Amino acid sequence: MVNNNIKYKDENGEEKSPRLNIGEAVLSDSLFTQYMRRHGMTVHADNTTDDFVVLKFDYEVPDILSPIELRKLYYKEGVEIAWPKYKKRTGDEIPTYKPKLYKMLMRSPGKAKEGHCVFIKDNLYDNVIEYLTMGLHSKMPTDNAKIVEMSAYQTLVTATAQAYIEISMNKILILRDEEVTANLPVWSVEVQNGKCVVNRDADNKVSNILWDGMGLIDEEIFPKDMDGFIYCRSHFFKACLFRGNLQQFFKDRLQLTDDEYKTHQVKDMFGRRRRIKNIRVVITENAIKWLKFTDIMGDSEKKAYQYYKGIMKKYGNLFAIVKTGHASKWGELQRASYQICNSLPISGTEDAVNQVLTKIAQTSIDYCNNLKQDHSAFINYMRQEANDYNINNVLIALDEYNDSFKDTKYFREKKAKIISKLKKKMMLGKLLQEGDNLTICGNPIALLLKAIEKNPLEEHCFEAKREVIQCYTARFKEGEDLAGFRSPHNSPNNIIYLENTYPKELIKYFPNLGQNVIVINGIKTDVQDRLNGQDLDSDSVYVTNQHEIVEAAKMAYTEYPTIVNNIPLEGASIYKNDSESYALMDSKISSAQMAIGYASNLAQMALSYYYDEYYRTNVKSYELEDVFSICAILAQCAIDSAKRIFGVNVKGELTRIRNMECMKKRCDVVKKLCYASYKKSAKNKEQQENEEKGEWKVKEKLVPKVPEFYARNQEYNNGVTDTNFIIAKFNCPMQLLYDIIKDGTDRQIPSKTADIDDVLCWGSNMINAANLIRKNKGKQLNKILNIVKQYSEEVKTFNANEEEYFQKRSIAFSGCMKEIHRYTIDQEFMIYLIHLAFNNGDICDNLLIALYNYDKNMFLKCFKQQKRIKYIQKCPQNS
């Protein structure tokens, strides 16, 4: 795709290509995909389609177009793409081909923060936009249009589905949500004179919406092959439905005769009477996003409901099941994050702090050491991390096939590299602890009480306590104290201290919630604000019973008040229902979404400085507390910016905070040589076309000092190099853990090494066979090697920590295998290719993986089979 043949240079003087890269994206199975397959989408023989394209709006053409200007242009005019075509025989590109027009359809749900948008062929647009918006797109007014909400909720039907469930609207009871307040200590983040401030003297008022985004589903219709809950999405609908014996509860509590029960009615939020015997799902208003558009769906909520009911019936009353309960792949353990570790309020003498942190790190150290010492443990770890495109399956298969293979230099090096990679992840905060990520459920018995028109606050499953929040999870024992952390996690004020209880009534009616659900009491507690804006539409919390972390959580809950978001929302929509408004909105949202990571990064820097100063002086810095408190709230605002508009400039506030004196004093000025580009004036543009456009100049940059763990995380997660930071000595929890793990793992014990030739089936005439292969299959050989080389180069460009890495890597690997399967590889050719792999380090792993996936049996037959000998000790016979 050609970008108007515009060439330009970046700040480093590197000339950029006028061609925009064309990549591959996956249109996953969803309600939307199912609809498109029936309504006009063209699927080619290779299961691809060019009806959709994804464009990324982060490119700037200096002196010509900014990203926002590109958005405005493409949103209004669409984009013409001339897809390359090639001659079948020669593979040469056909010079002329007709371009196709694409129109902006929607923000890419998973990648909006990176500026991605989905465009669709012009001839499909009208039908598809009506499907996505339930016909509301054409009903929206021109002025004060709710395009923020519309854009956020129209994509709910595009969520990847694990399965589908049909539920008639007649079986769903919709109720009003219940907001409950409590008087507990808070730090209120507010806006004063256009700036965010922390008000420590605010009213001690905090509130929870008890069932914000959750619902309940009766065991009778819950999918038999799923566990605990199903997170469902459909048209302007999303809710996490927890399984329980709803009908049994209704019968027990109402105490009616069978005949009375058959006719007993309850009222929904629209004032409609519903027979209780028909109810199989209970949800609340926060699950139904179409309520925000009641004014264009009918003249009342009741009529709007009838409109929605008709839409759902039209499309089969189908809901996509996006997620369900599943156990941790780490067994009884689960990984934490550096944000969690660096927020732990651990204090005391230097020796005392180190002793506590060493105990926290010990599980990870022991796990890592065990992989080095126990071969079966290492093989099990590789199985856990295996996929089609990594080397694990190859190593596992060869280990099972030939017991000597584990003693080869190749296997030893792979093992050392794999364990080293795991150790580095642990050093960067991925510490293993007893625990798991548990999906949060909120007061289900209270919701059932409301369904039968009883007072939900009379639930009595939990006791509201000042010093702890009660919960229930089968994952931990009754009476255990627990610590909880939700992402995004930015400060000690976001840690919850939990007491695990086993309420009899809750267990009676919800016996199958499983090990991956936690019910947290929201009545008279601060749990939702404490967990940084937590809601109940499948939010999860990292929960552990590790003693030292639990003690830190107890201290955090006592000494660090909950941060409350009191930044005002803007009122009426500032947008019109036109392409320019959509462009402005998406640009603003993209910018705000990128601020999520920036806010969390600033919070971590502030926390590192905060603990370092506290450990040195035993004095807590109020200024740094303000920084990580405000950053926690700004991260909330950035996350919610796709749905609502806050009365603060998130990006501007983060820049201001970054330049606060408490942050700036931990920076140094660094001089950098960069390329300066000068704008061309409109008057003499033609005369200047061939003149020099810029020159080199020295630029001063304020660079922050950071602990090593932080710099390495930025390098690993975001590709940020050390030139963006100055690594300095800071004593903070995560840096101390980094050093403890670095020095705490054992060294590998050296032992005998086998030669790779000892396990390969070369045969007596391998040299002659190799010569024949090079002579007869030289072209195929070169093509196969080039395919693997190109694939190896391609995957180097992928960011291994991106959410879509697995998807990108899978697509690339599938393409590689598709090309290799065009060639015939026999046993001798396979042996020779394996020989080349072990003598070509650049592509060794990828070539072995490709050959193994080409034909697993043939691959293994290239090696000598040597089963592991199992010794059985015989018991002496009784005399």
# chains A, B, ... in the order shown; residues from 1 in each chain; ligands from 1
>>> residues_around(residues="A:Gln735", least_positions_apart="2", cutoff="7 Å", atoms="only C-alpha atoms", output="list in words")
Pro707, Glu708, Phe709, Asn731, Cys732, Pro733, Leu737, Tyr738 and Asp739 of chain A
>>> write_last_selection(atoms="N, CA, C and O atoms", output="PDB file, in the first residue's frame")
ATOM      1  N   PRO A 707      15.830   2.517  39.247  1.00  0.00           N
ATOM      2  CA  PRO A 707      16.466   1.270  39.681  1.00  0.00           C
ATOM      3  C   PRO A 707      16.643   0.321  38.496  1.00  0.00           C
ATOM      4  O   PRO A 707      15.926   0.419  37.490  1.00  0.00           O
ATOM      5  N   GLU A 708      17.546  -0.613  38.631  1.00  0.00           N
ATOM      6  CA  GLU A 708      17.834  -1.521  37.517  1.00  0.00           C
ATOM      7  C   GLU A 708      16.623  -2.351  37.120  1.00  0.00           C
ATOM      8  O   GLU A 708      16.367  -2.565  35.932  1.00  0.00           O
ATOM      9  N   PHE A 709      15.832  -2.822  38.096  1.00  0.00           N
ATOM     10  CA  PHE A 709      14.676  -3.659  37.765  1.00  0.00           C
ATOM     11  C   PHE A 709      13.716  -2.911  36.847  1.00  0.00           C
ATOM     12  O   PHE A 709      13.120  -3.494  35.940  1.00  0.00           O
ATOM     13  N   ASN A 731      17.046   1.705  46.883  1.00  0.00           N
ATOM     14  CA  ASN A 731      16.565   0.616  47.731  1.00  0.00           C
ATOM     15  C   ASN A 731      15.041   0.673  47.802  1.00  0.00           C
ATOM     16  O   ASN A 731      14.470   1.525  48.483  1.00  0.00           O
ATOM     17  N   CYS A 732      14.405  -0.212  47.072  1.00  0.00           N
ATOM     18  CA  CYS A 732      12.950  -0.332  47.093  1.00  0.00           C
ATOM     19  C   CYS A 732      12.639  -1.827  47.025  1.00  0.00           C
ATOM     20  O   CYS A 732      13.515  -2.633  46.658  1.00  0.00           O
ATOM     21  N   PRO A 733      11.442  -2.250  47.404  1.00  0.00           N
ATOM     22  CA  PRO A 733      11.164  -3.688  47.510  1.00  0.00           C
ATOM     23  C   PRO A 733      11.524  -4.495  46.256  1.00  0.00           C
ATOM     24  O   PRO A 733      12.151  -5.548  46.351  1.00  0.00           O
ATOM     25  N   LEU A 737      14.374  -7.442  45.755  1.00  0.00           N
ATOM     26  CA  LEU A 737      13.996  -8.782  45.285  1.00  0.00           C
ATOM     27  C   LEU A 737      14.793  -9.175  44.045  1.00  0.00           C
ATOM     28  O   LEU A 737      15.207 -10.330  43.891  1.00  0.00           O
ATOM     29  N   TYR A 738      14.997  -8.224  43.149  1.00  0.00           N
ATOM     30  CA  TYR A 738      15.792  -8.431  41.933  1.00  0.00           C
ATOM     31  C   TYR A 738      17.180  -8.964  42.306  1.00  0.00           C
ATOM     32  O   TYR A 738      17.661  -9.958  41.737  1.00  0.00           O
ATOM     33  N   ASP A 739      17.811  -8.311  43.272  1.00  0.00           N
ATOM     34  CA  ASP A 739      19.169  -8.711  43.693  1.00  0.00           C
ATOM     35  C   ASP A 739      19.162 -10.051  44.421  1.00  0.00           C
ATOM     36  O   ASP A 739      20.079 -10.863  44.242  1.00  0.00           O
TER      37      ASP A 739
END
>>> residues_around(residues="A:Asn393", least_positions_apart="2", cutoff="12 Å", atoms="only C-alpha atoms", output="list of chain:residue names")
A:Ile379, A:Asn380, A:Tyr381, A:Met382, A:Arg383, A:Gln384, A:Glu385, A:Ala386, A:Asn387, A:Asp388, A:Tyr389, A:Asn390, A:Ile391, A:Leu395, A:Ile396, A:Ala397, A:Leu398, A:Asp399, A:Glu400, A:Asp845, A:Leu848, A:Ile849, A:Ala850, A:Leu851, A:Tyr852, A:Asn853, A:Lys856, A:Leu860
>>> select_by_dssp(residues="stretch 91-197 of chain A", states="strand (DSSP E or B)", output="VMD selection string")
chain A and resid 93 100 to 107 116 to 121 163 to 166 172 to 175 179 to 182 186 to 192 195 to 197
>>> write_last_selection(atoms="N, CA, C and O atoms", output="short mmCIF file (atom, residue, chain, number, x, y, z; two decimals), in the first residue's frame")
data_model
loop_
_atom_site.label_atom_id
_atom_site.label_comp_id
_atom_site.auth_asym_id
_atom_site.auth_seq_id
_atom_site.Cartn_x
_atom_site.Cartn_y
_atom_site.Cartn_z
N GLU A 93 5.00 -9.21 -10.10
CA GLU A 93 3.84 -8.39 -9.75
C GLU A 93 3.22 -7.77 -10.99
O GLU A 93 3.91 -7.26 -11.87
N LYS A 100 -9.37 -0.82 -4.24
CA LYS A 100 -10.66 -1.04 -3.58
C LYS A 100 -10.83 -0.01 -2.47
O LYS A 100 -9.88 0.29 -1.75
N LEU A 101 -12.04 0.52 -2.32
CA LEU A 101 -12.33 1.55 -1.33
C LEU A 101 -12.80 0.92 -0.03
O LEU A 101 -13.69 0.07 -0.02
N TYR A 102 -12.19 1.36 1.08
CA TYR A 102 -12.57 0.90 2.42
C TYR A 102 -13.02 2.09 3.26
O TYR A 102 -12.45 3.18 3.19
N LYS A 103 -14.04 1.86 4.11
CA LYS A 103 -14.55 2.89 5.00
C LYS A 103 -14.28 2.51 6.46
O LYS A 103 -14.28 1.34 6.82
N MET A 104 -14.07 3.52 7.28
CA MET A 104 -13.85 3.29 8.71
C MET A 104 -15.10 2.65 9.34
O MET A 104 -16.21 3.15 9.20
N LEU A 105 -14.91 1.52 10.02
CA LEU A 105 -16.02 0.79 10.63
C LEU A 105 -16.04 0.92 12.14
O LEU A 105 -17.03 1.27 12.76
N MET A 106 -14.88 0.62 12.79
CA MET A 106 -14.86 0.62 14.25
C MET A 106 -13.42 0.63 14.74
O MET A 106 -12.49 0.28 14.01
N ARG A 107 -13.26 1.03 15.99
CA ARG A 107 -11.95 0.89 16.63
C ARG A 107 -11.67 -0.58 16.85
O ARG A 107 -12.57 -1.33 17.24
N HIS A 116 -5.18 1.50 16.38
CA HIS A 116 -5.68 0.60 15.34
C HIS A 116 -7.18 0.80 15.10
O HIS A 116 -7.95 0.91 16.06
N CYS A 117 -7.56 0.81 13.85
CA CYS A 117 -8.96 0.88 13.47
C CYS A 117 -9.26 -0.11 12.36
O CYS A 117 -8.39 -0.40 11.53
N VAL A 118 -10.48 -0.63 12.36
CA VAL A 118 -10.91 -1.59 11.34
C VAL A 118 -11.69 -0.86 10.25
O VAL A 118 -12.65 -0.15 10.55
N PHE A 119 -11.24 -1.05 9.02
CA PHE A 119 -11.95 -0.51 7.86
C PHE A 119 -12.58 -1.68 7.10
O PHE A 119 -12.07 -2.80 7.12
N ILE A 120 -13.70 -1.40 6.43
CA ILE A 120 -14.43 -2.43 5.70
C ILE A 120 -14.70 -1.96 4.28
O ILE A 120 -14.78 -0.75 4.02
N LYS A 121 -14.82 -2.90 3.36
CA LYS A 121 -15.14 -2.54 1.99
C LYS A 121 -16.41 -1.70 1.93
O LYS A 121 -17.40 -1.99 2.62
N ALA A 163 -17.38 -20.41 23.05
CA ALA A 163 -18.60 -21.16 22.76
C ALA A 163 -19.75 -20.16 22.73
O ALA A 163 -19.56 -18.96 22.93
N TYR A 164 -20.96 -20.69 22.46
CA TYR A 164 -22.16 -19.83 22.42
C TYR A 164 -23.24 -20.45 23.29
O TYR A 164 -23.27 -21.66 23.50
N ILE A 165 -24.11 -19.57 23.81
CA ILE A 165 -25.24 -20.05 24.59
C ILE A 165 -26.48 -19.27 24.18
O ILE A 165 -26.43 -18.05 23.98
N GLU A 166 -27.59 -19.96 24.02
CA GLU A 166 -28.85 -19.33 23.67
C GLU A 166 -29.69 -19.16 24.92
O GLU A 166 -29.96 -20.13 25.63
N ILE A 172 -34.60 -14.01 31.46
CA ILE A 172 -33.65 -13.10 32.10
C ILE A 172 -34.39 -12.02 32.89
O ILE A 172 -35.23 -11.30 32.33
N LEU A 173 -34.09 -11.92 34.16
CA LEU A 173 -34.67 -10.89 35.02
C LEU A 173 -33.64 -9.76 35.17
O LEU A 173 -32.50 -10.00 35.61
N ILE A 174 -34.03 -8.54 34.80
CA ILE A 174 -33.12 -7.39 34.86
C ILE A 174 -33.56 -6.48 36.01
O ILE A 174 -34.72 -6.04 36.07
N LEU A 175 -32.62 -6.19 36.93
CA LEU A 175 -32.92 -5.40 38.13
C LEU A 175 -32.06 -4.14 38.19
O LEU A 175 -31.04 -4.04 37.51
N GLU A 179 -26.35 0.67 45.13
CA GLU A 179 -25.14 1.36 45.58
C GLU A 179 -25.15 1.45 47.10
O GLU A 179 -26.14 1.86 47.70
N VAL A 180 -24.05 1.04 47.71
CA VAL A 180 -23.95 1.01 49.18
C VAL A 180 -22.75 1.85 49.59
O VAL A 180 -21.65 1.68 49.06
N THR A 181 -22.94 2.75 50.54
CA THR A 181 -21.87 3.63 50.99
C THR A 181 -21.35 3.19 52.36
O THR A 181 -22.03 2.48 53.11
N ALA A 182 -20.13 3.63 52.65
CA ALA A 182 -19.52 3.35 53.96
C ALA A 182 -18.65 4.53 54.35
O ALA A 182 -18.16 5.27 53.48
N VAL A 186 -10.22 7.88 53.44
CA VAL A 186 -9.93 7.95 52.01
C VAL A 186 -8.97 9.09 51.73
O VAL A 186 -8.85 10.05 52.50
N TRP A 187 -8.27 8.97 50.61
CA TRP A 187 -7.56 10.09 49.98
C TRP A 187 -8.33 10.39 48.70
O TRP A 187 -8.44 9.55 47.82
N SER A 188 -8.87 11.58 48.60
CA SER A 188 -9.70 11.96 47.47
C SER A 188 -8.86 12.69 46.42
O SER A 188 -8.24 13.72 46.73
N VAL A 189 -8.83 12.16 45.18
CA VAL A 189 -8.15 12.85 44.09
C VAL A 189 -9.18 13.72 43.39
O VAL A 189 -10.18 13.23 42.87
N GLU A 190 -8.92 15.04 43.41
CA GLU A 190 -9.86 16.02 42.88
C GLU A 190 -9.15 16.96 41.91
O GLU A 190 -7.93 16.93 41.79
N VAL A 191 -9.94 17.80 41.24
CA VAL A 191 -9.39 18.80 40.33
C VAL A 191 -9.58 20.17 40.96
O VAL A 191 -10.70 20.58 41.28
N GLN A 192 -8.46 20.87 41.17
CA GLN A 192 -8.50 22.23 41.69
C GLN A 192 -7.66 23.12 40.78
O GLN A 192 -6.48 22.83 40.55
N LYS A 195 -5.84 21.36 38.01
CA LYS A 195 -4.81 20.39 38.35
C LYS A 195 -5.36 19.33 39.31
O LYS A 195 -6.21 19.61 40.15
N CYS A 196 -4.82 18.12 39.20
CA CYS A 196 -5.20 17.05 40.13
C CYS A 196 -4.47 17.23 41.46
O CYS A 196 -3.26 17.48 41.48
N VAL A 197 -5.21 17.10 42.54
CA VAL A 197 -4.63 17.20 43.87
C VAL A 197 -5.17 16.06 44.73
O VAL A 197 -6.21 15.47 44.43
#
>>> residues_around(residues="A:Ser600", least_positions_apart="3", cutoff="10 Å", atoms="only C-alpha atoms", output="PyMOL selection string")
chain A and resi 339+488-491+595-597+603-606+628+631-632+634-635
>>> write_last_selection(atoms="all heavy atoms", output="compact mmCIF listing (two decimals), in the first residue's frame")
# COMPACT_ATOMS: atom_id res chain seq x y z
N GLN A 339 4.77 -4.60 39.67
CA GLN A 339 3.95 -3.55 40.29
C GLN A 339 3.48 -3.98 41.68
O GLN A 339 3.47 -3.17 42.62
CB GLN A 339 2.74 -3.23 39.41
CG GLN A 339 3.09 -2.54 38.11
CD GLN A 339 3.30 -3.50 36.95
OE1 GLN A 339 3.51 -4.71 37.18
NE2 GLN A 339 3.23 -3.00 35.73
N PRO A 488 -5.03 -2.48 36.86
CA PRO A 488 -3.72 -1.88 37.12
C PRO A 488 -3.52 -1.62 38.61
O PRO A 488 -4.43 -1.16 39.29
CB PRO A 488 -3.77 -0.57 36.33
CG PRO A 488 -5.22 -0.20 36.32
CD PRO A 488 -5.97 -1.49 36.25
N HIS A 489 -2.31 -1.93 39.06
CA HIS A 489 -1.97 -1.80 40.48
C HIS A 489 -0.84 -0.79 40.59
O HIS A 489 0.20 -0.96 39.97
CB HIS A 489 -1.55 -3.16 41.03
CG HIS A 489 -1.14 -3.12 42.46
ND1 HIS A 489 -2.04 -3.22 43.49
CD2 HIS A 489 0.08 -2.97 43.04
CE1 HIS A 489 -1.40 -3.15 44.65
NE2 HIS A 489 -0.12 -2.99 44.39
N ASN A 490 -1.04 0.26 41.38
CA ASN A 490 -0.07 1.35 41.38
C ASN A 490 0.48 1.77 42.74
O ASN A 490 1.44 2.54 42.78
CB ASN A 490 -0.70 2.59 40.73
CG ASN A 490 -0.96 2.38 39.25
OD1 ASN A 490 -0.05 2.15 38.48
ND2 ASN A 490 -2.22 2.45 38.85
N SER A 491 -0.12 1.30 43.83
CA SER A 491 0.32 1.82 45.11
C SER A 491 -0.09 0.90 46.26
O SER A 491 -0.92 0.01 46.08
CB SER A 491 -0.29 3.21 45.34
OG SER A 491 -1.66 3.08 45.68
N ALA A 595 -1.73 6.47 27.71
CA ALA A 595 -1.36 7.05 29.00
C ALA A 595 -1.48 6.05 30.14
O ALA A 595 -0.94 6.29 31.23
CB ALA A 595 -2.25 8.27 29.29
N ILE A 596 -2.18 4.91 29.92
CA ILE A 596 -2.32 3.91 30.98
C ILE A 596 -0.94 3.42 31.42
O ILE A 596 -0.61 3.41 32.61
CB ILE A 596 -3.18 2.72 30.52
CG1 ILE A 596 -4.59 3.18 30.15
CG2 ILE A 596 -3.23 1.64 31.59
CD1 ILE A 596 -5.43 2.12 29.47
N GLY A 597 -0.15 3.02 30.44
CA GLY A 597 1.19 2.55 30.75
C GLY A 597 2.07 3.64 31.33
O GLY A 597 2.85 3.40 32.25
N ALA A 603 4.02 5.96 38.40
CA ALA A 603 3.71 5.49 39.76
C ALA A 603 4.84 4.62 40.29
O ALA A 603 5.23 4.74 41.46
CB ALA A 603 2.39 4.74 39.76
N GLN A 604 5.37 3.74 39.44
CA GLN A 604 6.46 2.86 39.87
C GLN A 604 7.74 3.62 40.15
O GLN A 604 8.48 3.29 41.10
CB GLN A 604 6.69 1.77 38.83
CG GLN A 604 5.62 0.71 38.79
CD GLN A 604 5.40 0.05 40.14
OE1 GLN A 604 6.35 -0.36 40.81
NE2 GLN A 604 4.16 -0.02 40.56
N MET A 605 8.02 4.64 39.35
CA MET A 605 9.19 5.48 39.62
C MET A 605 9.02 6.19 40.95
O MET A 605 9.95 6.22 41.77
CB MET A 605 9.39 6.48 38.47
CG MET A 605 9.85 5.83 37.17
SD MET A 605 9.72 6.93 35.74
CE MET A 605 10.88 8.21 36.19
N ALA A 606 7.82 6.76 41.16
CA ALA A 606 7.57 7.47 42.41
C ALA A 606 7.67 6.52 43.61
O ALA A 606 8.21 6.90 44.66
CB ALA A 606 6.19 8.13 42.37
N PHE A 628 2.00 8.91 43.24
CA PHE A 628 1.47 7.58 42.89
C PHE A 628 -0.04 7.48 43.15
O PHE A 628 -0.72 6.67 42.53
CB PHE A 628 2.26 6.42 43.54
CG PHE A 628 2.37 6.39 45.04
CD1 PHE A 628 1.28 6.10 45.83
CD2 PHE A 628 3.61 6.56 45.65
CE1 PHE A 628 1.39 6.02 47.22
CE2 PHE A 628 3.74 6.48 47.03
CZ PHE A 628 2.63 6.21 47.82
N CYS A 631 -1.52 9.19 39.96
CA CYS A 631 -1.28 8.29 38.81
C CYS A 631 -2.24 7.11 38.81
O CYS A 631 -2.69 6.67 37.75
CB CYS A 631 0.17 7.79 38.83
SG CYS A 631 1.37 9.02 38.26
N ALA A 632 -2.57 6.60 40.01
CA ALA A 632 -3.54 5.49 40.10
C ALA A 632 -4.89 5.91 39.53
O ALA A 632 -5.54 5.16 38.79
CB ALA A 632 -3.68 5.03 41.55
N LEU A 634 -5.44 8.56 37.42
CA LEU A 634 -5.31 8.89 36.00
C LEU A 634 -5.29 7.63 35.14
O LEU A 634 -5.79 7.64 34.01
CB LEU A 634 -4.05 9.73 35.76
CG LEU A 634 -4.10 11.16 36.31
CD1 LEU A 634 -2.77 11.87 36.07
CD2 LEU A 634 -5.24 11.96 35.69
N ALA A 635 -4.75 6.55 35.67
CA ALA A 635 -4.80 5.27 34.95
C ALA A 635 -6.25 4.82 34.79
O ALA A 635 -6.65 4.31 33.74
CB ALA A 635 -3.97 4.21 35.68
>>> residues_around(residues="stretch 409-416 of chain A", least_positions_apart="4", cutoff="9 Å", atoms="only C-alpha atoms", output="VMD selection string")
chain A and resid 372 378 391 395 405 420 to 421 748 753 to 756 838
>>> write_last_selection(atoms="all heavy atoms", output="compact mmCIF listing (two decimals), in the first residue's frame")
# COMPACT_ATOMS: atom_id res chain seq x y z
N LYS A 372 16.81 -27.18 37.64
CA LYS A 372 18.19 -27.55 37.33
C LYS A 372 18.55 -28.94 37.84
O LYS A 372 19.31 -29.66 37.22
CB LYS A 372 19.15 -26.51 37.94
CG LYS A 372 18.99 -25.11 37.37
CD LYS A 372 19.92 -24.13 38.06
CE LYS A 372 19.74 -22.72 37.52
NZ LYS A 372 20.65 -21.75 38.16
N PHE A 378 11.96 -30.37 34.97
CA PHE A 378 12.26 -29.50 33.82
C PHE A 378 11.40 -29.89 32.62
O PHE A 378 10.88 -29.02 31.92
CB PHE A 378 13.74 -29.58 33.47
CG PHE A 378 14.10 -28.78 32.25
CD1 PHE A 378 14.06 -27.40 32.27
CD2 PHE A 378 14.45 -29.43 31.07
CE1 PHE A 378 14.38 -26.66 31.14
CE2 PHE A 378 14.76 -28.70 29.93
CZ PHE A 378 14.73 -27.31 29.96
N ILE A 391 10.62 -24.52 20.74
CA ILE A 391 11.45 -25.72 20.65
C ILE A 391 11.03 -26.79 21.66
O ILE A 391 11.48 -27.95 21.57
CB ILE A 391 12.94 -25.35 20.87
CG1 ILE A 391 13.88 -26.46 20.39
CG2 ILE A 391 13.19 -24.98 22.33
CD1 ILE A 391 13.86 -26.72 18.92
N LEU A 395 12.24 -30.90 22.02
CA LEU A 395 13.10 -31.38 23.11
C LEU A 395 12.42 -32.50 23.90
O LEU A 395 13.07 -33.49 24.26
CB LEU A 395 13.47 -30.22 24.04
CG LEU A 395 14.26 -29.06 23.42
CD1 LEU A 395 14.51 -27.99 24.46
CD2 LEU A 395 15.59 -29.55 22.86
N PHE A 405 19.88 -38.07 24.75
CA PHE A 405 19.76 -36.75 24.15
C PHE A 405 19.87 -35.63 25.18
O PHE A 405 20.43 -34.58 24.91
CB PHE A 405 18.42 -36.64 23.41
CG PHE A 405 18.24 -35.32 22.71
CD1 PHE A 405 18.95 -35.02 21.56
CD2 PHE A 405 17.36 -34.36 23.22
CE1 PHE A 405 18.80 -33.79 20.92
CE2 PHE A 405 17.20 -33.13 22.59
CZ PHE A 405 17.92 -32.85 21.44
N SER A 420 17.41 -19.79 32.41
CA SER A 420 17.91 -18.43 32.54
C SER A 420 16.81 -17.41 32.19
O SER A 420 16.67 -16.38 32.86
CB SER A 420 19.12 -18.21 31.63
OG SER A 420 19.54 -16.88 31.67
N LYS A 421 16.03 -17.72 31.15
CA LYS A 421 14.94 -16.82 30.75
C LYS A 421 13.89 -16.74 31.86
O LYS A 421 13.36 -15.67 32.16
CB LYS A 421 14.32 -17.33 29.45
CG LYS A 421 13.25 -16.42 28.88
CD LYS A 421 12.73 -16.96 27.56
CE LYS A 421 11.66 -16.05 26.98
NZ LYS A 421 11.15 -16.58 25.68
N GLN A 748 24.36 -24.54 37.72
CA GLN A 748 24.15 -25.88 37.17
C GLN A 748 25.34 -26.77 37.48
O GLN A 748 26.50 -26.37 37.29
CB GLN A 748 23.95 -25.78 35.65
CG GLN A 748 23.61 -27.10 34.98
CD GLN A 748 22.19 -27.54 35.28
OE1 GLN A 748 21.26 -26.76 35.24
NE2 GLN A 748 22.04 -28.81 35.61
N THR A 753 28.98 -34.87 28.80
CA THR A 753 28.26 -34.37 27.63
C THR A 753 28.39 -35.36 26.49
O THR A 753 29.49 -35.81 26.16
CB THR A 753 28.82 -33.00 27.19
OG1 THR A 753 28.72 -32.09 28.28
CG2 THR A 753 28.05 -32.45 26.01
N ALA A 754 27.25 -35.68 25.86
CA ALA A 754 27.26 -36.60 24.72
C ALA A 754 27.35 -35.80 23.43
O ALA A 754 26.87 -34.67 23.34
CB ALA A 754 25.99 -37.45 24.73
N ASP A 755 27.98 -36.39 22.42
CA ASP A 755 28.07 -35.77 21.10
C ASP A 755 26.75 -35.95 20.36
O ASP A 755 26.15 -37.02 20.43
CB ASP A 755 29.23 -36.40 20.31
CG ASP A 755 29.59 -35.56 19.09
OD1 ASP A 755 28.71 -35.42 18.21
OD2 ASP A 755 30.71 -35.05 19.02
N ILE A 756 26.33 -34.93 19.64
CA ILE A 756 25.06 -35.02 18.91
C ILE A 756 25.10 -36.14 17.88
O ILE A 756 24.08 -36.78 17.57
CB ILE A 756 24.71 -33.66 18.25
CG1 ILE A 756 23.24 -33.66 17.79
CG2 ILE A 756 25.64 -33.36 17.08
CD1 ILE A 756 22.25 -33.67 18.90
N PHE A 838 21.81 -28.53 13.09
CA PHE A 838 22.74 -28.55 14.22
C PHE A 838 24.06 -27.87 13.92
O PHE A 838 24.85 -27.62 14.82
CB PHE A 838 23.00 -30.00 14.67
CG PHE A 838 21.86 -30.59 15.47
CD1 PHE A 838 21.19 -31.71 15.02
CD2 PHE A 838 21.45 -30.00 16.65
CE1 PHE A 838 20.14 -32.26 15.73
CE2 PHE A 838 20.40 -30.55 17.38
CZ PHE A 838 19.74 -31.67 16.92
>>> residues_around(residues="A:Arg822", least_positions_apart="2", cutoff="12 Å", atoms="only C-alpha atoms", output="PyMOL selection string")
chain A and resi 780+783-784+787+815-820+824-825+854
>>> write_last_selection(atoms="C-alpha atoms", output="mmCIF file, in the first residue's frame")
data_model
loop_
_atom_site.group_PDB
_atom_site.id
_atom_site.type_symbol
_atom_site.label_atom_id
_atom_site.label_comp_id
_atom_site.auth_asym_id
_atom_site.auth_seq_id
_atom_site.Cartn_x
_atom_site.Cartn_y
_atom_site.Cartn_z
ATOM 1 C CA GLN A 780 14.599 -27.548 -2.810
ATOM 2 C CA LYS A 783 14.283 -22.847 -0.901
ATOM 3 C CA ILE A 784 13.509 -24.631 2.391
ATOM 4 C CA ILE A 787 11.807 -20.072 3.969
ATOM 5 C CA GLY A 815 2.744 -19.482 6.793
ATOM 6 C CA CYS A 816 6.211 -21.004 7.114
ATOM 7 C CA MET A 817 4.824 -24.552 7.376
ATOM 8 C CA LYS A 818 2.456 -23.946 4.474
ATOM 9 C CA GLU A 819 5.439 -23.076 2.270
ATOM 10 C CA ILE A 820 7.549 -26.015 3.455
ATOM 11 C CA THR A 824 8.632 -33.479 -0.563
ATOM 12 C CA ILE A 825 10.999 -34.438 2.229
ATOM 13 C CA TYR A 854 6.381 -31.542 8.937
#
